[in-house]
Structures are given as structure tokens and as C-alpha cells.
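Have a look at query-v8.pdb; it's PDB, C-alpha atoms:
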ATOM      1  CA  MET Z 230    -163.272  28.127 203.146  1.00  0.00           C
ATOM      2  CA  PRO Z 231    -165.229  30.067 200.515  1.00  0.00           C
ATOM      3  CA  VAL Z 232    -166.603  33.470 201.501  1.00  0.00           C
ATOM      4  CA  LEU Z 233    -170.244  32.362 201.302  1.00  0.00           C
ATOM      5  CA  ALA Z 234    -169.683  29.481 203.731  1.00  0.00           C
ATOM      6  CA  GLU Z 235    -167.892  31.828 206.141  1.00  0.00           C
ATOM      7  CA  LEU Z 236    -170.676  34.401 205.929  1.00  0.00           C
ATOM      8  CA  LYS Z 237    -173.231  31.725 206.881  1.00  0.00           C
ATOM      9  CA  ARG Z 238    -171.400  31.437 210.224  1.00  0.00           C
ATOM     10  CA  GLN Z 239    -171.718  35.168 210.957  1.00  0.00           C
ATOM     11  CA  MET Z 240    -174.223  36.115 213.649  1.00  0.00           C
ATOM     12  CA  LEU Z 241    -175.043  39.439 211.961  1.00  0.00           C
ATOM     13  CA  LEU Z 242    -176.193  37.617 208.835  1.00  0.00           C
ATOM     14  CA  ASP Z 243    -178.334  35.049 210.652  1.00  0.00           C
ATOM     15  CA  GLY Z 244    -181.556  34.403 208.754  1.00  0.00           C
ATOM     16  CA  LEU Z 245    -180.348  35.629 205.372  1.00  0.00           C
ATOM     17  CA  ASP Z 246    -181.138  33.325 202.470  1.00  0.00           C
ATOM     18  CA  GLU Z 247    -178.616  32.217 199.862  1.00  0.00           C
ATOM     19  CA  ALA Z 248    -179.285  35.123 197.482  1.00  0.00           C
ATOM     20  CA  GLU Z 249    -179.021  37.682 200.290  1.00  0.00           C
ATOM     21  CA  LEU Z 250    -175.747  36.159 201.474  1.00  0.00           C
ATOM     22  CA  GLN Z 251    -174.475  36.261 197.905  1.00  0.00           C
ATOM     23  CA  SER Z 252    -175.171  40.004 197.681  1.00  0.00           C
ATOM     24  CA  VAL Z 253    -173.370  40.613 200.991  1.00  0.00           C
ATOM     25  CA  ALA Z 254    -170.449  38.489 199.773  1.00  0.00           C
ATOM     26  CA  GLN Z 255    -170.027  40.958 196.898  1.00  0.00           C
ATOM     27  CA  VAL Z 256    -169.327  43.866 199.270  1.00  0.00           C
ATOM     28  CA  VAL Z 257    -167.301  42.413 202.154  1.00  0.00           C
ATOM     29  CA  GLU Z 258    -163.576  43.122 202.351  1.00  0.00           C
ATOM     30  CA  PRO Z 259    -161.272  40.624 204.098  1.00  0.00           C
ATOM     31  CA  LEU Z 260    -158.848  42.145 206.616  1.00  0.00           C
ATOM     32  CA  SER Z 261    -156.093  40.665 208.795  1.00  0.00           C
ATOM     33  CA  PHE Z 262    -154.732  42.043 212.062  1.00  0.00           C
ATOM     34  CA  PRO Z 263    -151.953  40.606 214.249  1.00  0.00           C
ATOM     35  CA  ARG Z 264    -152.284  40.446 218.011  1.00  0.00           C
ATOM     36  CA  GLY Z 265    -151.791  43.853 219.616  1.00  0.00           C
ATOM     37  CA  ASP Z 266    -152.930  45.897 216.609  1.00  0.00           C
ATOM     38  CA  SER Z 267    -155.956  48.107 216.781  1.00  0.00           C
ATOM     39  CA  VAL Z 268    -158.777  47.797 214.288  1.00  0.00           C
ATOM     40  CA  PHE Z 269    -159.777  51.338 215.218  1.00  0.00           C
ATOM     41  CA  ARG Z 270    -159.291  53.828 218.033  1.00  0.00           C
ATOM     42  CA  GLU Z 271    -161.749  56.154 219.682  1.00  0.00           C
ATOM     43  CA  ASN Z 272    -162.339  59.263 217.533  1.00  0.00           C
ATOM     44  CA  GLU Z 273    -160.951  57.633 214.389  1.00  0.00           C
ATOM     45  CA  PRO Z 274    -163.206  57.724 211.316  1.00  0.00           C
ATOM     46  CA  THR Z 275    -165.918  55.093 211.134  1.00  0.00           C
ATOM     47  CA  LEU Z 276    -165.238  52.767 208.204  1.00  0.00           C
ATOM     48  CA  GLY Z 277    -168.053  50.257 208.625  1.00  0.00           C
ATOM     49  CA  VAL Z 278    -169.238  47.084 210.336  1.00  0.00           C
ATOM     50  CA  TYR Z 279    -166.701  44.353 211.147  1.00  0.00           C
ATOM     51  CA  LEU Z 280    -167.454  40.626 211.194  1.00  0.00           C
ATOM     52  CA  ILE Z 281    -165.007  38.349 213.007  1.00  0.00           C
ATOM     53  CA  ARG Z 282    -163.952  35.359 210.889  1.00  0.00           C
ATOM     54  CA  SER Z 283    -161.410  34.209 213.485  1.00  0.00           C
ATOM     55  CA  GLY Z 284    -159.505  35.592 216.451  1.00  0.00           C
ATOM     56  CA  GLU Z 285    -160.520  37.814 219.349  1.00  0.00           C
ATOM     57  CA  VAL Z 286    -161.190  41.541 219.523  1.00  0.00           C
ATOM     58  CA  GLU Z 287    -161.670  43.615 222.668  1.00  0.00           C
ATOM     59  CA  ILE Z 288    -163.846  46.731 222.699  1.00  0.00           C
ATOM     60  CA  SER Z 289    -162.824  49.229 225.375  1.00  0.00           C
ATOM     61  CA  ARG Z 290    -162.696  52.900 226.185  1.00  0.00           C
ATOM     62  CA  LYS Z 291    -160.192  55.082 227.986  1.00  0.00           C
ATOM     63  CA  LEU Z 292    -161.434  56.489 231.285  1.00  0.00           C
ATOM     64  CA  PRO Z 293    -160.312  59.776 232.845  1.00  0.00           C
ATOM     65  CA  ILE Z 294    -159.842  58.763 236.479  1.00  0.00           C
ATOM     66  CA  ASP Z 295    -158.913  60.523 239.714  1.00  0.00           C
ATOM     67  CA  LEU Z 296    -157.528  58.908 242.916  1.00  0.00           C
ATOM     68  CA  LYS Z 297    -160.935  58.459 244.578  1.00  0.00           C
ATOM     69  CA  THR Z 298    -162.276  56.741 241.478  1.00  0.00           C
ATOM     70  CA  LYS Z 299    -159.189  54.488 241.327  1.00  0.00           C
ATOM     71  CA  MET Z 300    -159.951  53.281 244.851  1.00  0.00           C
ATOM     72  CA  LEU Z 301    -163.601  52.627 243.969  1.00  0.00           C
ATOM     73  CA  ILE Z 302    -162.551  50.690 240.858  1.00  0.00           C
ATOM     74  CA  THR Z 303    -160.179  48.565 242.924  1.00  0.00           C
ATOM     75  CA  VAL Z 304    -162.996  47.692 245.339  1.00  0.00           C
ATOM     76  CA  ARG Z 305    -165.463  46.960 242.540  1.00  0.00           C
ATOM     77  CA  ASN Z 306    -162.957  44.830 240.618  1.00  0.00           C
ATOM     78  CA  THR Z 307    -162.486  42.637 243.689  1.00  0.00           C
ATOM     79  CA  GLN Z 308    -166.247  42.057 243.605  1.00  0.00           C
ATOM     80  CA  ASN Z 309    -165.916  40.918 239.986  1.00  0.00           C
ATOM     81  CA  CYS Z 310    -168.468  43.519 238.968  1.00  0.00           C
ATOM     82  CA  CYS Z 311    -167.072  44.936 235.776  1.00  0.00           C
ATOM     83  CA  GLU Z 312    -163.722  44.999 234.048  1.00  0.00           C
ATOM     84  CA  ILE Z 313    -161.842  48.227 234.464  1.00  0.00           C
ATOM     85  CA  ARG Z 314    -158.074  47.967 234.405  1.00  0.00           C
ATOM     86  CA  LYS Z 315    -154.905  49.991 234.272  1.00  0.00           C
ATOM     87  CA  THR Z 316    -152.859  49.718 231.102  1.00  0.00           C
ATOM     88  CA  PRO Z 317    -149.673  51.467 229.963  1.00  0.00           C
ATOM     89  CA  TYR Z 318    -152.022  53.881 228.155  1.00  0.00           C
ATOM     90  CA  GLY Z 319    -154.238  54.698 231.150  1.00  0.00           C
ATOM     91  CA  TRP Z 320    -157.377  53.260 232.744  1.00  0.00           C
ATOM     92  CA  ARG Z 321    -159.714  51.378 230.407  1.00  0.00           C
ATOM     93  CA  GLN Z 322    -163.218  50.000 230.687  1.00  0.00           C
ATOM     94  CA  VAL Z 323    -163.746  46.810 228.709  1.00  0.00           C
ATOM     95  CA  PHE Z 324    -167.178  46.585 227.131  1.00  0.00           C
ATOM     96  CA  ALA Z 325    -166.799  43.315 225.251  1.00  0.00           C
ATOM     97  CA  LYS Z 326    -164.442  40.561 224.191  1.00  0.00           C
ATOM     98  CA  LEU Z 327    -165.652  39.276 220.852  1.00  0.00           C
ATOM     99  CA  LEU Z 328    -164.889  35.999 219.079  1.00  0.00           C
ATOM    100  CA  ASP Z 329    -165.523  34.192 215.784  1.00  0.00           C
ATOM    101  CA  GLY Z 330    -168.926  34.951 214.300  1.00  0.00           C
ATOM    102  CA  GLN Z 331    -169.506  38.120 216.311  1.00  0.00           C
ATOM    103  CA  PHE Z 332    -169.553  41.677 214.973  1.00  0.00           C
ATOM    104  CA  PHE Z 333    -168.711  45.225 216.032  1.00  0.00           C
ATOM    105  CA  GLY Z 334    -168.739  48.791 214.736  1.00  0.00           C
ATOM    106  CA  GLU Z 335    -172.420  48.536 213.896  1.00  0.00           C
ATOM    107  CA  LEU Z 336    -173.561  51.185 216.359  1.00  0.00           C
ATOM    108  CA  SER Z 337    -171.394  53.888 214.805  1.00  0.00           C
ATOM    109  CA  VAL Z 338    -172.706  52.970 211.352  1.00  0.00           C
ATOM    110  CA  ILE Z 339    -176.364  52.753 212.343  1.00  0.00           C
ATOM    111  CA  GLU Z 340    -176.179  55.999 214.326  1.00  0.00           C
ATOM    112  CA  GLY Z 341    -174.440  57.693 211.391  1.00  0.00           C
ATOM    113  CA  LYS Z 342    -171.456  58.673 213.532  1.00  0.00           C
ATOM    114  CA  LYS Z 343    -168.380  59.785 211.651  1.00  0.00           C
ATOM    115  CA  LYS Z 344    -166.022  58.694 214.471  1.00  0.00           C
ATOM    116  CA  HIS Z 345    -165.851  55.669 216.749  1.00  0.00           C
ATOM    117  CA  GLY Z 346    -166.724  56.033 220.421  1.00  0.00           C
ATOM    118  CA  ALA Z 347    -164.398  53.247 221.618  1.00  0.00           C
ATOM    119  CA  ASP Z 348    -161.282  51.266 220.729  1.00  0.00           C
ATOM    120  CA  ALA Z 349    -161.211  47.849 219.062  1.00  0.00           C
ATOM    121  CA  GLU Z 350    -157.982  46.027 219.885  1.00  0.00           C
ATOM    122  CA  VAL Z 351    -156.903  42.621 218.585  1.00  0.00           C
ATOM    123  CA  ILE Z 352    -156.311  40.189 221.465  1.00  0.00           C
ATOM    124  CA  GLU Z 353    -155.586  37.157 219.251  1.00  0.00           C
ATOM    125  CA  ASP Z 354    -154.622  37.344 215.556  1.00  0.00           C
ATOM    126  CA  ALA Z 355    -157.842  38.243 213.773  1.00  0.00           C
ATOM    127  CA  GLU Z 356    -159.302  37.685 210.342  1.00  0.00           C
ATOM    128  CA  LEU Z 357    -162.213  40.050 209.748  1.00  0.00           C
ATOM    129  CA  TYR Z 358    -164.671  41.055 207.089  1.00  0.00           C
ATOM    130  CA  LEU Z 359    -165.508  44.734 206.696  1.00  0.00           C
ATOM    131  CA  ILE Z 360    -168.797  45.967 205.286  1.00  0.00           C
ATOM    132  CA  ARG Z 361    -168.045  49.618 204.565  1.00  0.00           C
ATOM    133  CA  SER Z 362    -170.599  52.198 205.679  1.00  0.00           C
ATOM    134  CA  ASP Z 363    -171.507  53.157 202.104  1.00  0.00           C
ATOM    135  CA  LYS Z 364    -172.036  49.491 201.170  1.00  0.00           C
ATOM    136  CA  PHE Z 365    -174.176  49.020 204.277  1.00  0.00           C
ATOM    137  CA  ALA Z 366    -176.300  51.982 203.111  1.00  0.00           C
ATOM    138  CA  GLU Z 367    -176.525  50.464 199.608  1.00  0.00           C
ATOM    139  CA  ILE Z 368    -177.886  47.221 201.073  1.00  0.00           C
ATOM    140  CA  GLU Z 369    -180.418  49.267 203.033  1.00  0.00           C
ATOM    141  CA  ALA Z 370    -181.541  51.144 199.893  1.00  0.00           C
ATOM    142  CA  SER Z 371    -181.561  48.241 197.451  1.00  0.00           C
ATOM    143  CA  ALA Z 372    -182.665  45.377 199.707  1.00  0.00           C
ATOM    144  CA  PRO Z 373    -184.746  46.653 202.644  1.00  0.00           C
ATOM    145  CA  SER Z 374    -185.923  43.150 203.575  1.00  0.00           C
ATOM    146  CA  THR Z 375    -182.288  42.029 203.901  1.00  0.00           C
ATOM    147  CA  MET Z 376    -181.494  45.060 206.034  1.00  0.00           C
ATOM    148  CA  LEU Z 377    -184.528  44.363 208.228  1.00  0.00           C
ATOM    149  CA  LYS Z 378    -183.130  40.898 208.986  1.00  0.00           C
ATOM    150  CA  ILE Z 379    -179.715  42.376 209.784  1.00  0.00           C
ATOM    151  CA  LEU Z 380    -181.191  45.080 212.012  1.00  0.00           C
ATOM    152  CA  ARG Z 381    -183.253  42.493 213.895  1.00  0.00           C
ATOM    153  CA  VAL Z 382    -179.999  40.743 214.800  1.00  0.00           C
ATOM    154  CA  VAL Z 383    -178.453  44.064 215.868  1.00  0.00           C
ATOM    155  CA  ALA Z 384    -181.550  44.797 217.999  1.00  0.00           C
ATOM    156  CA  ARG Z 385    -181.451  41.327 219.580  1.00  0.00           C
ATOM    157  CA  VAL Z 386    -177.740  41.623 220.432  1.00  0.00           C
ATOM    158  CA  SER Z 387    -178.141  45.221 221.669  1.00  0.00           C
ATOM    159  CA  SER Z 388    -181.054  44.168 223.870  1.00  0.00           C
ATOM    160  CA  LYS Z 389    -178.999  41.320 225.357  1.00  0.00           C
ATOM    161  CA  ASN Z 390    -176.101  43.714 225.984  1.00  0.00           C
ATOM    162  CA  MET Z 391    -178.419  46.253 227.610  1.00  0.00           C
ATOM    163  CA  ARG Z 392    -179.813  43.615 229.967  1.00  0.00           C
ATOM    164  CA  TYR Z 393    -176.274  42.605 230.908  1.00  0.00           C
ATOM    165  CA  LEU Z 394    -175.267  46.241 231.553  1.00  0.00           C
ATOM    166  CA  ASP Z 395    -178.427  46.739 233.603  1.00  0.00           C
ATOM    167  CA  LYS Z 396    -177.452  43.784 235.823  1.00  0.00           C
ATOM    168  CA  GLN Z 397    -173.911  45.159 236.142  1.00  0.00           C
ATOM    169  CA  LEU Z 398    -175.265  48.578 237.136  1.00  0.00           C
ATOM    170  CA  LEU Z 399    -177.469  47.018 239.793  1.00  0.00           C
ATOM    171  CA  ARG Z 400    -174.458  45.119 241.134  1.00  0.00           C
ATOM    172  CA  LEU Z 401    -172.539  48.401 241.311  1.00  0.00           C
ATOM    173  CA  LEU Z 402    -175.335  50.294 243.004  1.00  0.00           C
ATOM    174  CA  ILE Z 403    -176.515  47.761 245.542  1.00  0.00           C
ATOM    175  CA  GLY Z 404    -173.670  45.276 245.661  1.00  0.00           C
ATOM    176  CA  ILE Z 405    -175.591  42.123 244.720  1.00  0.00           C
TER     177      ILE Z 405
END
Re-express the file's structure as C-alpha cells.
Amino acid sequence: MPVLAELKRQMLLDGLDEAELQSVAQVVEPLSFPRGDSVFRENEPTLGVYLIRSGEVEISRKLPIDLKTKMLITVRNTQNCCEIRKTPYGWRQVFAKLLDGQFFGELSVIEGKKKHGADAEVIEDAELYLIRSDKFAEIEASAPSTMLKILRVVARVSSKNMRYLDKQLLRLLIGI
């Protein structure tokens, strides 16, 4: 499938016209990751925004946990409140499992962070597009109306995620 057709399926680029998609197509880099690889790890340098062409990517973060907290997590997990699990690398909190058409890494880029605040691990073989941070900034400088459309999508997705986290927090606090 040509790059332009694939970009039309990307949530982040929703609402972009043909010319805007064409300019984004000029800067995206295709990447491939097998299952089990990491796209990035917490505290690694931020490269840019990733768009998922195919596959599944999990965003998680390592948690420093003591015995009392382990017991609380066990209780909360039985209530299906949030996903925190033990892995061979320690306890992890899963923030998101992302599929075709979704995106990640945008918060680090938008906030101007030099390092990622979480891990992105490939759950199923993944084909991604990367928009490097400098290219993202070039789009912002040269095509502010395009960037406004992109940032509206980021705001919409962030708002949805915040509402979900708010519900999860309420479930944790009052057990509903």
C-alpha cells in the first residue's frame, strides 16, 4: 500500500487534506520491530512521534514497589481496576495497548522532553512510521494550520485518556 494511503488511515493525521498528507509523507520514516523488541525505553532519548501501521505496542512504566504495595496491587487487580503486573524485569504499570492507526511518543515531543518517561514494547510484530522531532517542529513552523489539526487530535485523544484515568482513579479510591 502506498505511503499516502497508509497515512490516511492514521488517527493523528485525521482531517489533513491531500496536500498536507503529501508533506507529512515526505518526512515519515518506516520502521519494523519484531515481537518482544522495544521501540524505546524510559530515559532513552526522544526521537519523535510514532504512528502504528500494523501490529501492537504496549506503553508501560516500571514501578518501584514494596511488599505492602504488592498486596494492594494484588487486591486491585482482582477488581479489574488497572493493569499492574510482575514481569521478569520488575513490576510494571500498563498505560496503553495500541493498535493499527494509533500513535505514541507525542507527549515527549510536544513537551520538548529529551528522554521518554515510559517504555514502548512491541507485543505483536509492528510496522511503524516515525516523524522525527525536528521534522515535527518543521511542520509546526512551515505549516501551522496542519499542526493545529494534528494538535487537535492529540488534545482529543489526551482528553479521552484523562477521562479514562479519572474513572480508574475513582475506582481505586472508592471501589466502584
Exercise. What do you get, as a list in words, if you spell out every residue that the PyMOL selection byres ((chain Z and resi 291) around 7) selects here?
Worked result: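 For this structure, the PyMOL selection byres ((chain Z and resi 291) around 7) resolves to Ser289, Arg290, Leu292, Pro293, Gly319, Trp320, Arg321 and Gln322 of chain Z.
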Problem set entry | Nearest to Z:Leu336 by atom-to-atom distance, counting only C-alpha atoms, from Z:Val256, Z:Tyr279, Z:Leu394, Z:Val351 | Z:Tyr279
Problem set entry | From Z:Ala254, Z:Ala384, Z:Ala248, Z:Ile360, residue lying nearest Z:Leu236 [only C-alpha atoms] |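 Comparing Z:Ala254, Z:Ala384, Z:Ala248, Z:Ile360 against Z:Leu236, the winner is Z:Ala254.
Around Z:Ile281, within 6 Å and counting only C-alpha atoms, the residues found are Asp329, Gly330, Gln331, Phe332 and Leu357 of chain Z, once anything fewer than 6 positions away on its own chain is removed.
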Exercise. Pick the closest to Z:Ser387 from Z:Glu350, Z:Glu335, Z:Glu369, Z:Glu273: which is it, counting only C-alpha atoms?
Worked result: Z:Glu335
Would you fill out stretch 329-340 of chain Z with all heavy atoms and return it as a PDB file, in the frame of the given file?
ATOM      1  N   ASP Z 329    -165.050  34.623 217.103  1.00  0.00           N
ATOM      2  CA  ASP Z 329    -165.523  34.192 215.784  1.00  0.00           C
ATOM      3  C   ASP Z 329    -167.044  34.291 215.678  1.00  0.00           C
ATOM      4  O   ASP Z 329    -167.761  33.842 216.567  1.00  0.00           O
ATOM      5  CB  ASP Z 329    -165.150  32.722 215.534  1.00  0.00           C
ATOM      6  CG  ASP Z 329    -163.678  32.439 215.711  1.00  0.00           C
ATOM      7  OD1 ASP Z 329    -162.946  33.309 216.193  1.00  0.00           O
ATOM      8  OD2 ASP Z 329    -163.258  31.328 215.358  1.00  0.00           O
ATOM      9  N   GLY Z 330    -167.497  34.868 214.574  1.00  0.00           N
ATOM     10  CA  GLY Z 330    -168.926  34.951 214.300  1.00  0.00           C
ATOM     11  C   GLY Z 330    -169.593  36.200 214.843  1.00  0.00           C
ATOM     12  O   GLY Z 330    -170.708  36.519 214.449  1.00  0.00           O
ATOM     13  N   GLN Z 331    -168.915  36.914 215.748  1.00  0.00           N
ATOM     14  CA  GLN Z 331    -169.506  38.120 216.311  1.00  0.00           C
ATOM     15  C   GLN Z 331    -169.142  39.334 215.464  1.00  0.00           C
ATOM     16  O   GLN Z 331    -168.338  39.245 214.545  1.00  0.00           O
ATOM     17  CB  GLN Z 331    -169.072  38.281 217.764  1.00  0.00           C
ATOM     18  CG  GLN Z 331    -169.637  37.163 218.646  1.00  0.00           C
ATOM     19  CD  GLN Z 331    -169.266  37.328 220.105  1.00  0.00           C
ATOM     20  OE1 GLN Z 331    -168.088  37.347 220.443  1.00  0.00           O
ATOM     21  NE2 GLN Z 331    -170.267  37.437 220.958  1.00  0.00           N
ATOM     22  N   PHE Z 332    -169.739  40.471 215.774  1.00  0.00           N
ATOM     23  CA  PHE Z 332    -169.553  41.677 214.973  1.00  0.00           C
ATOM     24  C   PHE Z 332    -169.401  42.893 215.867  1.00  0.00           C
ATOM     25  O   PHE Z 332    -169.757  42.867 217.042  1.00  0.00           O
ATOM     26  CB  PHE Z 332    -170.726  41.862 213.999  1.00  0.00           C
ATOM     27  CG  PHE Z 332    -172.070  41.952 214.676  1.00  0.00           C
ATOM     28  CD1 PHE Z 332    -172.601  43.180 215.040  1.00  0.00           C
ATOM     29  CD2 PHE Z 332    -172.811  40.808 214.930  1.00  0.00           C
ATOM     30  CE1 PHE Z 332    -173.837  43.280 215.654  1.00  0.00           C
ATOM     31  CE2 PHE Z 332    -174.052  40.892 215.554  1.00  0.00           C
ATOM     32  CZ  PHE Z 332    -174.564  42.125 215.913  1.00  0.00           C
ATOM     33  N   PHE Z 333    -168.860  43.973 215.292  1.00  0.00           N
ATOM     34  CA  PHE Z 333    -168.711  45.225 216.032  1.00  0.00           C
ATOM     35  C   PHE Z 333    -168.619  46.383 215.049  1.00  0.00           C
ATOM     36  O   PHE Z 333    -168.436  46.177 213.849  1.00  0.00           O
ATOM     37  CB  PHE Z 333    -167.494  45.179 216.963  1.00  0.00           C
ATOM     38  CG  PHE Z 333    -166.178  44.958 216.273  1.00  0.00           C
ATOM     39  CD1 PHE Z 333    -165.341  46.026 215.959  1.00  0.00           C
ATOM     40  CD2 PHE Z 333    -165.747  43.680 215.941  1.00  0.00           C
ATOM     41  CE1 PHE Z 333    -164.118  45.826 215.333  1.00  0.00           C
ATOM     42  CE2 PHE Z 333    -164.532  43.469 215.310  1.00  0.00           C
ATOM     43  CZ  PHE Z 333    -163.714  44.546 215.004  1.00  0.00           C
ATOM     44  N   GLY Z 334    -168.770  47.591 215.567  1.00  0.00           N
ATOM     45  CA  GLY Z 334    -168.739  48.791 214.736  1.00  0.00           C
ATOM     46  C   GLY Z 334    -170.105  49.167 214.193  1.00  0.00           C
ATOM     47  O   GLY Z 334    -170.269  50.219 213.585  1.00  0.00           O
ATOM     48  N   GLU Z 335    -171.089  48.314 214.455  1.00  0.00           N
ATOM     49  CA  GLU Z 335    -172.420  48.536 213.896  1.00  0.00           C
ATOM     50  C   GLU Z 335    -173.112  49.762 214.470  1.00  0.00           C
ATOM     51  O   GLU Z 335    -173.854  50.456 213.771  1.00  0.00           O
ATOM     52  CB  GLU Z 335    -173.305  47.286 214.077  1.00  0.00           C
ATOM     53  CG  GLU Z 335    -173.890  47.074 215.459  1.00  0.00           C
ATOM     54  CD  GLU Z 335    -172.922  46.609 216.536  1.00  0.00           C
ATOM     55  OE1 GLU Z 335    -171.747  46.327 216.226  1.00  0.00           O
ATOM     56  OE2 GLU Z 335    -173.346  46.529 217.689  1.00  0.00           O
ATOM     57  N   LEU Z 336    -172.872  50.048 215.744  1.00  0.00           N
ATOM     58  CA  LEU Z 336    -173.561  51.185 216.359  1.00  0.00           C
ATOM     59  C   LEU Z 336    -173.148  52.504 215.722  1.00  0.00           C
ATOM     60  O   LEU Z 336    -173.987  53.364 215.448  1.00  0.00           O
ATOM     61  CB  LEU Z 336    -173.333  51.207 217.871  1.00  0.00           C
ATOM     62  CG  LEU Z 336    -173.927  50.013 218.635  1.00  0.00           C
ATOM     63  CD1 LEU Z 336    -173.621  50.119 220.121  1.00  0.00           C
ATOM     64  CD2 LEU Z 336    -175.412  49.876 218.385  1.00  0.00           C
ATOM     65  N   SER Z 337    -171.864  52.660 215.463  1.00  0.00           N
ATOM     66  CA  SER Z 337    -171.394  53.888 214.805  1.00  0.00           C
ATOM     67  C   SER Z 337    -172.016  54.033 213.422  1.00  0.00           C
ATOM     68  O   SER Z 337    -172.401  55.127 213.013  1.00  0.00           O
ATOM     69  CB  SER Z 337    -169.872  53.896 214.693  1.00  0.00           C
ATOM     70  OG  SER Z 337    -169.283  53.990 215.969  1.00  0.00           O
ATOM     71  N   VAL Z 338    -172.142  52.930 212.708  1.00  0.00           N
ATOM     72  CA  VAL Z 338    -172.706  52.970 211.352  1.00  0.00           C
ATOM     73  C   VAL Z 338    -174.202  53.277 211.411  1.00  0.00           C
ATOM     74  O   VAL Z 338    -174.693  54.163 210.709  1.00  0.00           O
ATOM     75  CB  VAL Z 338    -172.437  51.646 210.597  1.00  0.00           C
ATOM     76  CG1 VAL Z 338    -173.186  51.604 209.276  1.00  0.00           C
ATOM     77  CG2 VAL Z 338    -170.948  51.464 210.377  1.00  0.00           C
ATOM     78  N   ILE Z 339    -174.913  52.564 212.256  1.00  0.00           N
ATOM     79  CA  ILE Z 339    -176.364  52.753 212.343  1.00  0.00           C
ATOM     80  C   ILE Z 339    -176.707  54.155 212.836  1.00  0.00           C
ATOM     81  O   ILE Z 339    -177.654  54.779 212.354  1.00  0.00           O
ATOM     82  CB  ILE Z 339    -176.997  51.672 213.248  1.00  0.00           C
ATOM     83  CG1 ILE Z 339    -176.924  50.317 212.535  1.00  0.00           C
ATOM     84  CG2 ILE Z 339    -178.440  52.016 213.595  1.00  0.00           C
ATOM     85  CD1 ILE Z 339    -177.278  49.142 213.394  1.00  0.00           C
ATOM     86  N   GLU Z 340    -175.924  54.659 213.793  1.00  0.00           N
ATOM     87  CA  GLU Z 340    -176.179  55.999 214.326  1.00  0.00           C
ATOM     88  C   GLU Z 340    -175.664  57.099 213.398  1.00  0.00           C
ATOM     89  O   GLU Z 340    -175.870  58.277 213.652  1.00  0.00           O
ATOM     90  CB  GLU Z 340    -175.532  56.152 215.702  1.00  0.00           C
ATOM     91  CG  GLU Z 340    -176.180  55.286 216.760  1.00  0.00           C
ATOM     92  CD  GLU Z 340    -175.429  55.319 218.090  1.00  0.00           C
ATOM     93  OE1 GLU Z 340    -174.370  55.985 218.188  1.00  0.00           O
ATOM     94  OE2 GLU Z 340    -175.903  54.673 219.035  1.00  0.00           O
TER      95      GLU Z 340
END
